[in-house]
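Undergrad: My structure file my_file.pdb, PDB, C-alpha atoms, is below:
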ATOM      1  CA  MET A   1       0.000   0.000   0.000
ATOM      2  CA  PRO A   2       1.535   3.304  -0.992
ATOM      3  CA  VAL A   3       1.749   5.914   1.724
ATOM      4  CA  PHE A   4       0.084   8.508  -0.468
ATOM      5  CA  GLU A   5      -2.868   6.373  -1.435
ATOM      6  CA  PRO A   6      -5.379   8.612  -3.230
ATOM      7  CA  ASN A   7      -8.122   7.385  -0.911
ATOM      8  CA  ARG A   8      -7.798   9.343   2.330
ATOM      9  CA  ASP A   9      -9.350   6.666   4.518
ATOM     10  CA  LYS A  10      -7.139   3.898   3.122
ATOM     11  CA  MET A  11      -4.046   6.020   3.712
ATOM     12  CA  ARG A  12      -5.147   6.767   7.255
ATOM     13  CA  GLN A  13      -5.888   3.084   7.818
ATOM     14  CA  TYR A  14      -2.315   2.298   6.822
ATOM     15  CA  PHE A  15      -1.030   4.537   9.637
ATOM     16  CA  LEU A  16      -3.414   2.840  12.070
ATOM     17  CA  THR A  17      -2.280  -0.602  10.943
ATOM     18  CA  VAL A  18       1.381   0.262  11.487
ATOM     19  CA  TRP A  19       0.584   1.640  14.937
ATOM     20  CA  GLN A  20      -1.451  -1.470  15.841
ATOM     21  CA  LYS A  21       1.298  -3.796  14.611
ATOM     22  CA  HIS A  22       3.792  -1.913  16.765
ATOM     23  CA  GLN A  23       1.586  -2.187  19.836
ATOM     24  CA  LEU A  24       1.151  -5.921  19.221
ATOM     25  CA  LYS A  25       4.922  -6.267  18.688
ATOM     26  CA  GLN A  26       4.384  -7.679  15.209
ATOM     27  CA  ALA A  27       7.079  -7.591  12.550
ATOM     28  CA  LEU A  28       7.058  -4.554  10.278
ATOM     29  CA  GLU A  29       7.950  -4.153   6.626
ATOM     30  CA  PRO A  30      10.751  -1.629   5.863
ATOM     31  CA  LEU A  31       8.289   1.116   4.873
ATOM     32  CA  GLU A  32       6.264   0.417   8.003
ATOM     33  CA  GLU A  33       9.415   0.873  10.099
ATOM     34  CA  ILE A  34       9.911   4.338   8.597
ATOM     35  CA  ILE A  35       6.299   5.195   9.310
ATOM     36  CA  LEU A  36       6.626   3.910  12.864
ATOM     37  CA  ASP A  37       9.701   6.077  13.445
ATOM     38  CA  VAL A  38       7.693   9.122  12.365
ATOM     39  CA  ILE A  39       4.761   8.103  14.577
ATOM     40  CA  LEU A  40       7.027   7.553  17.585
ATOM     41  CA  ALA A  41       8.510  11.027  17.114
ATOM     42  CA  HIS A  42       4.991  12.463  17.505
ATOM     43  CA  PRO A  43       3.495  11.229  20.782
ATOM     44  CA  GLU A  44       0.963  14.055  20.613
ATOM     45  CA  TYR A  45      -0.800  12.129  17.825
ATOM     46  CA  HIS A  46      -0.813   8.648  19.374
ATOM     47  CA  SER A  47      -4.292   9.067  20.844
ATOM     48  CA  GLN A  48      -5.662   9.871  17.375
ATOM     49  CA  LEU A  49      -4.296   6.721  15.775
ATOM     50  CA  GLN A  50      -7.528   4.805  16.166
ATOM     51  CA  GLU A  51     -10.559   4.010  14.039
ATOM     52  CA  THR A  52     -12.699   6.801  15.498
ATOM     53  CA  PHE A  53     -10.453   9.392  13.807
ATOM     54  CA  ILE A  54     -10.255   7.795  10.366
ATOM     55  CA  ASN A  55     -13.104   9.908   8.948
ATOM     56  CA  LYS A  56     -12.444  13.081  10.914
ATOM     57  CA  ASP A  57     -12.059  16.307   8.985
ATOM     58  CA  TYR A  58      -9.355  18.498  10.501
ATOM     59  CA  LEU A  59     -10.055  22.176  10.013
ATOM     60  CA  PRO A  60      -7.070  24.536  10.159
ATOM     61  CA  GLU A  61      -9.414  27.480  10.618
ATOM     62  CA  MET A  62     -10.459  25.809  13.889
ATOM     63  CA  GLY A  63      -6.817  25.472  14.937
ATOM     64  CA  GLU A  64      -6.724  21.743  14.232
ATOM     65  CA  THR A  65      -3.654  19.983  12.915
ATOM     66  CA  ASN A  66      -4.284  16.938  10.765
ATOM     67  CA  PRO A  67      -2.005  14.295  12.299
ATOM     68  CA  PHE A  68      -2.221  12.071   9.232
ATOM     69  CA  LEU A  69      -1.173  14.897   6.931
ATOM     70  CA  HIS A  70       1.623  15.924   9.275
ATOM     71  CA  LEU A  71       2.994  12.378   9.507
ATOM     72  CA  GLY A  72       2.633  11.986   5.738
ATOM     73  CA  LEU A  73       4.633  15.153   5.118
ATOM     74  CA  HIS A  74       7.493  13.770   7.208
ATOM     75  CA  ILE A  75       7.430  10.603   5.132
ATOM     76  CA  ALA A  76       7.327  12.640   1.923
ATOM     77  CA  LEU A  77      10.425  14.503   3.075
ATOM     78  CA  TYR A  78      12.221  11.208   3.775
ATOM     79  CA  GLU A  79      11.309  10.091   0.268
ATOM     80  CA  GLN A  80      12.627  13.350  -1.179
ATOM     81  CA  LEU A  81      15.884  12.954   0.712
ATOM     82  CA  SER A  82      16.285   9.325  -0.356
ATOM     83  CA  THR A  83      15.814  10.215  -4.045
ATOM     84  CA  ASN A  84      17.135  13.804  -4.083
ATOM     85  CA  ARG A  85      13.923  14.887  -5.736
ATOM     86  CA  PRO A  86      13.476  17.678  -6.279
ATOM     87  CA  GLN A  87      17.092  17.828  -7.287
ATOM     88  CA  GLY A  88      19.031  19.797  -4.705
ATOM     89  CA  ILE A  89      16.933  18.960  -1.633
ATOM     90  CA  CYS A  90      19.699  16.740  -0.221
ATOM     91  CA  SER A  91      22.380  19.414  -0.481
ATOM     92  CA  LEU A  92      20.051  21.992   1.078
ATOM     93  CA  TYR A  93      19.282  19.597   3.927
ATOM     94  CA  THR A  94      23.006  19.008   4.447
ATOM     95  CA  GLU A  95      23.651  22.763   4.527
ATOM     96  CA  LEU A  96      20.796  23.361   6.964
ATOM     97  CA  ARG A  97      21.547  20.457   9.287
ATOM     98  CA  PRO A  98      24.314  22.220  11.307
ATOM     99  CA  LEU A  99      22.044  25.244  11.805
ATOM    100  CA  TYR A 100      19.354  23.157  13.516
ATOM    101  CA  PRO A 101      20.612  21.181  16.524
ATOM    102  CA  ASP A 102      17.442  19.089  16.509
ATOM    103  CA  PRO A 103      16.918  17.246  13.192
ATOM    104  CA  HIS A 104      13.209  16.929  13.940
ATOM    105  CA  GLN A 105      12.935  20.714  14.231
ATOM    106  CA  LEU A 106      14.626  21.039  10.844
ATOM    107  CA  GLU A 107      12.197  18.515   9.361
ATOM    108  CA  HIS A 108       9.295  20.593  10.658
ATOM    109  CA  GLN A 109      10.724  23.709   9.043
ATOM    110  CA  ILE A 110      11.106  21.925   5.710
ATOM    111  CA  ILE A 111       7.700  20.244   5.780
ATOM    112  CA  ASP A 112       6.133  23.648   6.402
ATOM    113  CA  CYS A 113       7.674  24.697   3.073
ATOM    114  CA  LEU A 114       6.462  21.477   1.468
ATOM    115  CA  ALA A 115       2.927  21.897   2.810
ATOM    116  CA  GLU A 116       2.758  25.445   1.478
ATOM    117  CA  SER A 117       3.998  24.317  -1.934
ATOM    118  CA  LEU A 118       1.415  21.538  -2.061
ATOM    119  CA  TRP A 119      -1.353  23.878  -0.938
ATOM    120  CA  LEU A 120      -0.432  26.404  -3.649
ATOM    121  CA  ALA A 121      -0.391  23.656  -6.278
ATOM    122  CA  GLN A 122      -3.811  22.461  -5.161
ATOM    123  CA  ARG A 123      -5.200  26.000  -5.091
ATOM    124  CA  ASN A 124      -3.808  26.723  -8.562
ATOM    125  CA  ASN A 125      -4.750  23.295  -9.914
ATOM    126  CA  SER A 126      -1.160  22.775 -11.036
ATOM    127  CA  ALA A 127       1.868  20.655 -10.308
ATOM    128  CA  PRO A 128       3.948  21.777  -7.331
ATOM    129  CA  ASP A 129       6.593  24.333  -8.253
ATOM    130  CA  GLU A 130       9.763  22.513  -7.243
ATOM    131  CA  GLN A 131      11.991  25.565  -7.693
ATOM    132  CA  ALA A 132       9.756  27.725  -5.503
ATOM    133  CA  TYR A 133       9.791  24.961  -2.881
ATOM    134  CA  LEU A 134      13.595  24.772  -2.970
ATOM    135  CA  ARG A 135      13.807  28.574  -2.632
ATOM    136  CA  LYS A 136      11.624  28.387   0.471
ATOM    137  CA  VAL A 137      13.837  25.667   1.933
ATOM    138  CA  LYS A 138      16.954  27.672   1.090
ATOM    139  CA  ALA A 139      15.439  30.686   2.908
ATOM    140  CA  LEU A 140      15.505  28.613   6.090
ATOM    141  CA  LYS A 141      19.236  29.395   6.305
ATOM    142  CA  LYS A 142      18.496  33.071   6.916
ATOM    143  CA  LYS A 143      15.719  32.194   9.324
ATOM    144  CA  ALA A 144      18.026  29.917  11.342
ATOM    145  CA  LYS A 145      20.759  32.537  11.527
ATOM    146  CA  LYS A 146      18.292  35.085  12.946
ATOM    147  CA  ARG A 147      17.449  32.817  15.866
TER     148      ARG A 147
END
How does this structure look as structure tokens?
TA:
Amino acid sequence: MPVFEPNRDKMRQYFLTVWQKHQLKQALEPLEEIILDVILAHPEYHSQLQETFINKDYLPEMGETNPFLHLGLHIALYEQLSTNRPQGICSLYTELRPLYPDPHQLEHQIIDCLAESLWLAQRNNSAPDEQAYLRKVKALKKKAKKR
């Protein structure tokens, strides 16, 4: 099952299955291990990894964060880093890494850029602008230096 299954409920079910397998101490496939690592790094979402949340709509205007989207963005970033797509993301990550003592904090900064790029693409009914995304990630250098 691909992580970015076009069916929202099936994708969410995949996260739930990984979480259940972990709790039952069942063996995980390599992709499931990556997903579990992301889940374990987000204890604030553990309570939402159950069937009752599979159909929930998360509304940003109500201050709600969609845990499934957030976890999926982390996984998307791992995929980008493993394939260097868009080209240049790996070198930018390497340049940014020393500026962020906590790698998870850096991931959050980058996935904010990714989420914005995906939102713009959806709003404009277009493919994501990879160069604009990379520019946003590159701008994180200046942001880190101001801290």
Undergrad: Which residue gives the smallest distance to Glu51 (chain A) among A:Ile110, A:Leu92, A:Leu16, A:Val137, with all atoms listed in the file counted?
TA: A:Leu16
Undergrad: With the file shown as input, list the residues that the PyMOL selection byres ((chain A and resi 133-136) around 12) selects, as a ChimeraX atom specification.
TA: /A:80,84-93,109-121,127-132,137-143
Undergrad: Given all atoms listed in the file as the basis, pick out the residue of A:Lys21, A:Lys10, A:His70, A:His104 nearest to Tyr58 (chain A).
TA: A:His70
Undergrad: Kindly resolve the PyMOL selection byres ((chain A and resi 99) around 10) on the present coordinates and return the residues as a list of chain:residue names.
TA: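 Answer for the PyMOL selection byres ((chain A and resi 99) around 10): A:Thr94, A:Glu95, A:Leu96, A:Arg97, A:Pro98, A:Tyr100, A:Pro101, A:Asp102, A:Pro103, A:Leu106, A:Leu140, A:Lys141, A:Lys142, A:Lys143, A:Ala144, A:Lys145, A:Arg147.
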Undergrad: Could you give me, as a list of chain:residue names, the residues that have an atom at most 6 Å away from the point (2.6, 4.0, 6.9) in the coordinates of the file, using all atoms listed in the file?
TA: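 Output: A:Val3, A:Tyr14, A:Phe15, A:Glu32, A:Ile35.
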Undergrad: Can you work out the spacing between CA of Gly63 (chain A) and CA of Ile34 (chain A) in Å, to one decimal?
TA: 27.7 Å
Undergrad: Please reconstruct the missing atoms of region 22-57 of chain A (target: N, CA and C atoms) and return them as an mmCIF file, keeping the file's coordinate frame.
TA:
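Result file is selection36.cif:
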data_model
loop_
_atom_site.group_PDB
_atom_site.id
_atom_site.type_symbol
_atom_site.label_atom_id
_atom_site.label_comp_id
_atom_site.auth_asym_id
_atom_site.auth_seq_id
_atom_site.Cartn_x
_atom_site.Cartn_y
_atom_site.Cartn_z
ATOM 1 N N HIS A 22 2.769 -2.277 15.779
ATOM 2 C CA HIS A 22 3.792 -1.913 16.765
ATOM 3 C C HIS A 22 3.330 -2.273 18.175
ATOM 4 N N GLN A 23 2.100 -1.916 18.493
ATOM 5 C CA GLN A 23 1.586 -2.187 19.836
ATOM 6 C C GLN A 23 1.483 -3.684 20.113
ATOM 7 N N LEU A 24 1.236 -4.463 19.074
ATOM 8 C CA LEU A 24 1.151 -5.921 19.221
ATOM 9 C C LEU A 24 2.508 -6.599 19.057
ATOM 10 N N LYS A 25 3.546 -5.770 18.865
ATOM 11 C CA LYS A 25 4.922 -6.267 18.688
ATOM 12 C C LYS A 25 5.049 -7.220 17.504
ATOM 13 N N GLN A 26 4.312 -6.901 16.439
ATOM 14 C CA GLN A 26 4.384 -7.679 15.209
ATOM 15 C C GLN A 26 5.491 -7.130 14.321
ATOM 16 N N ALA A 27 6.015 -7.998 13.475
ATOM 17 C CA ALA A 27 7.079 -7.591 12.550
ATOM 18 C C ALA A 27 6.543 -6.554 11.568
ATOM 19 N N LEU A 28 7.422 -5.624 11.206
ATOM 20 C CA LEU A 28 7.058 -4.554 10.278
ATOM 21 C C LEU A 28 7.872 -4.668 8.997
ATOM 22 N N GLU A 29 7.251 -4.265 7.900
ATOM 23 C CA GLU A 29 7.950 -4.153 6.626
ATOM 24 C C GLU A 29 8.848 -2.915 6.696
ATOM 25 N N PRO A 30 9.853 -2.794 5.814
ATOM 26 C CA PRO A 30 10.751 -1.629 5.863
ATOM 27 C C PRO A 30 10.021 -0.281 5.807
ATOM 28 N N LEU A 31 9.033 -0.132 4.931
ATOM 29 C CA LEU A 31 8.289 1.116 4.873
ATOM 30 C C LEU A 31 7.528 1.355 6.169
ATOM 31 N N GLU A 32 6.984 0.298 6.735
ATOM 32 C CA GLU A 32 6.264 0.417 8.003
ATOM 33 C C GLU A 32 7.197 0.867 9.124
ATOM 34 N N GLU A 33 8.447 0.442 9.089
ATOM 35 C CA GLU A 33 9.415 0.873 10.099
ATOM 36 C C GLU A 33 9.668 2.377 10.005
ATOM 37 N N ILE A 34 9.736 2.893 8.789
ATOM 38 C CA ILE A 34 9.911 4.338 8.597
ATOM 39 C C ILE A 34 8.695 5.075 9.147
ATOM 40 N N ILE A 35 7.530 4.574 8.825
ATOM 41 C CA ILE A 35 6.299 5.195 9.310
ATOM 42 C C ILE A 35 6.248 5.147 10.831
ATOM 43 N N LEU A 36 6.628 4.020 11.409
ATOM 44 C CA LEU A 36 6.626 3.910 12.864
ATOM 45 C C LEU A 36 7.586 4.918 13.489
ATOM 46 N N ASP A 37 8.755 5.090 12.914
ATOM 47 C CA ASP A 37 9.701 6.077 13.445
ATOM 48 C C ASP A 37 9.071 7.469 13.476
ATOM 49 N N VAL A 38 8.361 7.815 12.423
ATOM 50 C CA VAL A 38 7.693 9.122 12.365
ATOM 51 C C VAL A 38 6.597 9.194 13.427
ATOM 52 N N ILE A 39 5.823 8.130 13.559
ATOM 53 C CA ILE A 39 4.761 8.103 14.577
ATOM 54 C C ILE A 39 5.357 8.243 15.973
ATOM 55 N N LEU A 40 6.423 7.510 16.246
ATOM 56 C CA LEU A 40 7.027 7.553 17.585
ATOM 57 C C LEU A 40 7.590 8.931 17.916
ATOM 58 N N ALA A 41 7.991 9.671 16.892
ATOM 59 C CA ALA A 41 8.510 11.027 17.114
ATOM 60 C C ALA A 41 7.395 12.032 17.390
ATOM 61 N N HIS A 42 6.140 11.582 17.309
ATOM 62 C CA HIS A 42 4.991 12.463 17.505
ATOM 63 C C HIS A 42 4.007 11.872 18.516
ATOM 64 N N PRO A 43 4.403 11.806 19.774
ATOM 65 C CA PRO A 43 3.495 11.229 20.782
ATOM 66 C C PRO A 43 2.189 11.999 20.927
ATOM 67 N N GLU A 44 2.189 13.258 20.514
ATOM 68 C CA GLU A 44 0.963 14.055 20.613
ATOM 69 C C GLU A 44 -0.145 13.524 19.703
ATOM 70 N N TYR A 45 0.198 12.668 18.745
ATOM 71 C CA TYR A 45 -0.800 12.129 17.825
ATOM 72 C C TYR A 45 -1.211 10.691 18.158
ATOM 73 N N HIS A 46 -0.546 10.059 19.094
ATOM 74 C CA HIS A 46 -0.813 8.648 19.374
ATOM 75 C C HIS A 46 -2.283 8.392 19.708
ATOM 76 N N SER A 47 -2.894 9.283 20.451
ATOM 77 C CA SER A 47 -4.292 9.067 20.844
ATOM 78 C C SER A 47 -5.244 9.149 19.651
ATOM 79 N N GLN A 48 -4.803 9.736 18.557
ATOM 80 C CA GLN A 48 -5.662 9.871 17.375
ATOM 81 C C GLN A 48 -5.452 8.742 16.362
ATOM 82 N N LEU A 49 -4.559 7.836 16.683
ATOM 83 C CA LEU A 49 -4.296 6.721 15.775
ATOM 84 C C LEU A 49 -5.223 5.558 16.113
ATOM 85 N N GLN A 50 -6.501 5.813 15.934
ATOM 86 C CA GLN A 50 -7.528 4.805 16.166
ATOM 87 C C GLN A 50 -8.680 5.037 15.196
ATOM 88 N N GLU A 51 -9.480 4.009 15.036
ATOM 89 C CA GLU A 51 -10.559 4.010 14.039
ATOM 90 C C GLU A 51 -11.490 5.214 14.143
ATOM 91 N N THR A 52 -11.731 5.703 15.338
ATOM 92 C CA THR A 52 -12.699 6.801 15.498
ATOM 93 C C THR A 52 -12.245 8.085 14.799
ATOM 94 N N PHE A 53 -10.960 8.179 14.451
ATOM 95 C CA PHE A 53 -10.453 9.392 13.807
ATOM 96 C C PHE A 53 -10.261 9.235 12.301
ATOM 97 N N ILE A 54 -10.561 8.062 11.776
ATOM 98 C CA ILE A 54 -10.255 7.795 10.366
ATOM 99 C C ILE A 54 -11.060 8.689 9.417
ATOM 100 N N ASN A 55 -12.259 9.078 9.812
ATOM 101 C CA ASN A 55 -13.104 9.908 8.948
ATOM 102 C C ASN A 55 -13.153 11.370 9.372
ATOM 103 N N LYS A 56 -12.389 11.719 10.384
ATOM 104 C CA LYS A 56 -12.444 13.081 10.914
ATOM 105 C C LYS A 56 -11.873 14.084 9.914
ATOM 106 N N ASP A 57 -12.573 15.189 9.765
ATOM 107 C CA ASP A 57 -12.059 16.307 8.985
ATOM 108 C C ASP A 57 -11.355 17.249 9.958
#
